[in-house]
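Undergrad: Provided herewith is a single structure, encoded as structure tokens, for subsequent inquiry.
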Amino acid sequence: MKKVFICSPFKPVGGTSPEERRRSQIKNESLARMACRMAVEKGCVPYAPHLYFTQFLDDSIPEERELGMMFGLTWLKKCDEVWVVGDDVSEGMEREIRSAWRWEIPIKRVNTAKKALLSIR
């Protein structure tokens, strides 16, 4: 089965109130889950390190965030494709996309409305 790396935002963006940030976090997590489900429906194995590693690493602690990023990039090297999900590209996503480009891993954009993939490279 094809292994796909789910590249989507994790940290909440915008909003100043805790409630706005929490809503943004829930939206980001839902987006990643949706992309994972889409991968499974297409017969692929999804790798979403930001959903997994944040279960035991604290993304708000810089050292633990960096460790999670390094673990995620280790997974990325083993994947057949990268699926970029969401309207915004976060700092972490940019790092993953650049790594995929450097390692010549195909990159696709997920159209969430149509559940379709668009080749970027």
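Residue numbering restarts at 1 for every chain of the structure tokens, chains are lettered A, B, ... in their displayed order, and ligands are numbered from 1 as they appear.
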From a DSSP calculation on the backbone, collect every residue of chain A in helix (DSSP H, G or I) and output the set as a ChimeraX atom specification.

TA: /A:18-41,49-55,62-78,91-102

Undergrad: For the selection you just gave me, I'd like the residues written to a file as an mmCIF file, in the first residue's frame, keeping C-alpha atoms.

TA:
```cif
data_model
loop_
_atom_site.group_PDB
_atom_site.id
_atom_site.type_symbol
_atom_site.label_atom_id
_atom_site.label_comp_id
_atom_site.auth_asym_id
_atom_site.auth_seq_id
_atom_site.Cartn_x
_atom_site.Cartn_y
_atom_site.Cartn_z
ATOM 1 C CA PRO A 18 -8.813 30.844 24.527
ATOM 2 C CA GLU A 19 -12.156 29.795 23.003
ATOM 3 C CA GLU A 20 -11.155 31.034 19.519
ATOM 4 C CA ARG A 21 -7.834 29.218 19.757
ATOM 5 C CA ARG A 22 -9.558 26.032 20.941
ATOM 6 C CA ARG A 23 -11.987 26.173 17.979
ATOM 7 C CA SER A 24 -9.048 26.625 15.606
ATOM 8 C CA GLN A 25 -7.248 23.644 17.192
ATOM 9 C CA ILE A 26 -10.344 21.446 16.826
ATOM 10 C CA LYS A 27 -10.717 22.509 13.179
ATOM 11 C CA ASN A 28 -7.074 21.668 12.440
ATOM 12 C CA GLU A 29 -7.319 18.253 14.084
ATOM 13 C CA SER A 30 -10.553 17.496 12.212
ATOM 14 C CA LEU A 31 -8.924 18.466 8.929
ATOM 15 C CA ALA A 32 -6.030 16.053 9.543
ATOM 16 C CA ARG A 33 -8.425 13.253 10.519
ATOM 17 C CA MET A 34 -10.471 13.864 7.367
ATOM 18 C CA ALA A 35 -7.325 13.606 5.215
ATOM 19 C CA CYS A 36 -6.336 10.383 6.993
ATOM 20 C CA ARG A 37 -9.791 8.942 6.347
ATOM 21 C CA MET A 38 -9.552 9.987 2.684
ATOM 22 C CA ALA A 39 -6.179 8.215 2.411
ATOM 23 C CA VAL A 40 -7.622 5.024 3.876
ATOM 24 C CA GLU A 41 -10.603 5.200 1.495
ATOM 25 C CA PRO A 49 2.724 12.717 12.954
ATOM 26 C CA HIS A 50 1.062 15.839 14.372
ATOM 27 C CA LEU A 51 -1.922 13.729 15.447
ATOM 28 C CA TYR A 52 0.254 10.974 16.889
ATOM 29 C CA PHE A 53 3.264 12.597 18.549
ATOM 30 C CA THR A 54 1.197 15.285 20.275
ATOM 31 C CA GLN A 55 -0.418 12.514 22.302
ATOM 32 C CA PRO A 62 9.998 24.146 21.951
ATOM 33 C CA GLU A 63 12.289 21.169 22.642
ATOM 34 C CA GLU A 64 9.411 18.694 22.492
ATOM 35 C CA ARG A 65 7.976 20.344 19.365
ATOM 36 C CA GLU A 66 11.367 20.033 17.656
ATOM 37 C CA LEU A 67 11.625 16.392 18.692
ATOM 38 C CA GLY A 68 8.160 15.762 17.229
ATOM 39 C CA MET A 69 9.165 17.524 14.010
ATOM 40 C CA MET A 70 12.302 15.376 13.730
ATOM 41 C CA PHE A 71 10.277 12.200 14.320
ATOM 42 C CA GLY A 72 7.798 13.356 11.670
ATOM 43 C CA LEU A 73 10.556 14.017 9.137
ATOM 44 C CA THR A 74 11.844 10.490 9.788
ATOM 45 C CA TRP A 75 8.390 9.203 8.819
ATOM 46 C CA LEU A 76 8.295 11.523 5.823
ATOM 47 C CA LYS A 77 11.444 9.949 4.362
ATOM 48 C CA LYS A 78 9.627 6.596 4.246
ATOM 49 C CA GLU A 91 5.894 26.991 9.550
ATOM 50 C CA GLY A 92 5.996 23.259 10.305
ATOM 51 C CA MET A 93 4.220 22.420 7.053
ATOM 52 C CA GLU A 94 6.676 24.549 5.107
ATOM 53 C CA ARG A 95 9.546 22.585 6.613
ATOM 54 C CA GLU A 96 7.894 19.286 5.649
ATOM 55 C CA ILE A 97 7.159 20.477 2.094
ATOM 56 C CA ARG A 98 10.747 21.666 1.611
ATOM 57 C CA SER A 99 12.047 18.318 2.861
ATOM 58 C CA ALA A 100 9.754 16.396 0.512
ATOM 59 C CA TRP A 101 10.898 18.574 -2.375
ATOM 60 C CA ARG A 102 14.562 17.974 -1.503
#
```

Undergrad: How far is it from CA of Lys3 in chain A to CA of Ser60 in chain A, in Å with one decimal?

TA: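 Computing it gives 28.1 Å between the two atoms.
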
Undergrad: Give the answer as one residue: which of A:Pro12, A:Leu57, A:Ser17, A:Arg109 has the shortest atom-to-atom distance to Glu81 in chain A, using only C-alpha atoms?

TA: A:Arg109

Undergrad: What gap, in Å, lies between CA of Phe5 in chain A and CA of Pro46 in chain A?

TA: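 Going from CA of Phe5 in chain A over to CA of Pro46 in chain A, I get 6.0 Å.
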
Undergrad: Using DSSP on the backbone coordinates, identify all residues within chain A classified as strand (DSSP E); present the result as a PyMOL selection string.

TA: chain A and resi 3-7+45-47+81-84+107-111+116-119

Undergrad: Please produce an output containing N, CA and C atoms for each residue in the selection, written as a short mmCIF file (atom, residue, chain, number, x, y, z; two decimals), in the first residue's frame.

TA:
```cif
data_model
loop_
_atom_site.label_atom_id
_atom_site.label_comp_id
_atom_site.auth_asym_id
_atom_site.auth_seq_id
_atom_site.Cartn_x
_atom_site.Cartn_y
_atom_site.Cartn_z
N LYS A 3 2.18 4.76 1.06
CA LYS A 3 2.25 5.49 2.32
C LYS A 3 2.19 6.98 2.02
N VAL A 4 1.23 7.66 2.62
CA VAL A 4 1.08 9.10 2.38
C VAL A 4 1.26 9.87 3.68
N PHE A 5 2.03 10.94 3.58
CA PHE A 5 2.31 11.81 4.71
C PHE A 5 1.29 12.94 4.69
N ILE A 6 0.53 13.08 5.75
CA ILE A 6 -0.49 14.13 5.85
C ILE A 6 0.17 15.38 6.41
N CYS A 7 0.24 16.41 5.58
CA CYS A 7 0.87 17.68 5.92
C CYS A 7 -0.25 18.71 6.08
N VAL A 45 -1.94 4.14 3.32
CA VAL A 45 -1.65 4.20 4.75
C VAL A 45 -1.29 5.65 5.09
N PRO A 46 -2.09 6.32 5.93
CA PRO A 46 -1.78 7.71 6.27
C PRO A 46 -0.79 7.81 7.42
N TYR A 47 0.12 8.77 7.30
CA TYR A 47 1.05 9.10 8.38
C TYR A 47 0.78 10.55 8.75
N GLU A 81 4.25 9.69 -0.92
CA GLU A 81 3.68 10.98 -1.32
C GLU A 81 3.45 11.84 -0.09
N VAL A 82 3.37 13.15 -0.33
CA VAL A 82 2.96 14.10 0.70
C VAL A 82 1.66 14.72 0.24
N TRP A 83 0.67 14.73 1.13
CA TRP A 83 -0.61 15.38 0.84
C TRP A 83 -0.70 16.65 1.67
N VAL A 84 -0.75 17.79 1.02
CA VAL A 84 -0.85 19.08 1.70
C VAL A 84 -2.33 19.41 1.85
N ILE A 107 4.41 15.60 -4.24
CA ILE A 107 3.58 16.43 -3.36
C ILE A 107 2.24 16.66 -4.05
N LYS A 108 1.16 16.43 -3.30
CA LYS A 108 -0.18 16.66 -3.84
C LYS A 108 -0.95 17.56 -2.89
N ARG A 109 -1.84 18.35 -3.46
CA ARG A 109 -2.71 19.23 -2.69
C ARG A 109 -4.06 18.55 -2.56
N VAL A 110 -4.62 18.52 -1.37
CA VAL A 110 -5.93 17.91 -1.15
C VAL A 110 -7.01 18.98 -1.27
N ASN A 111 -7.94 18.76 -2.17
CA ASN A 111 -9.12 19.59 -2.28
C ASN A 111 -10.16 18.95 -1.36
N ALA A 116 -10.52 15.41 -3.58
CA ALA A 116 -9.70 15.12 -4.75
C ALA A 116 -8.26 15.55 -4.49
N LEU A 117 -7.35 14.98 -5.28
CA LEU A 117 -5.93 15.31 -5.16
C LEU A 117 -5.47 16.04 -6.41
N LEU A 118 -4.67 17.06 -6.21
CA LEU A 118 -4.10 17.83 -7.30
C LEU A 118 -2.59 17.74 -7.19
N SER A 119 -1.91 17.31 -8.22
CA SER A 119 -0.46 17.20 -8.19
C SER A 119 0.19 18.57 -8.16
#
```

Undergrad: Which distance in Å separates CA of Pro106 in chain A and CA of Asp80 in chain A, to one decimal?

TA: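 Between CA of Pro106 in chain A and CA of Asp80 in chain A the gap is 7.1 Å.
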
Undergrad: Nearest to Asp87 in chain A among A:Pro9, A:Asp58, A:Lys2, A:Ala48, with distances taken over only C-alpha atoms: which residue is it?

TA: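 Between A:Pro9, A:Asp58, A:Lys2, A:Ala48, the residue approaching Asp87 in chain A most closely is A:Pro9.
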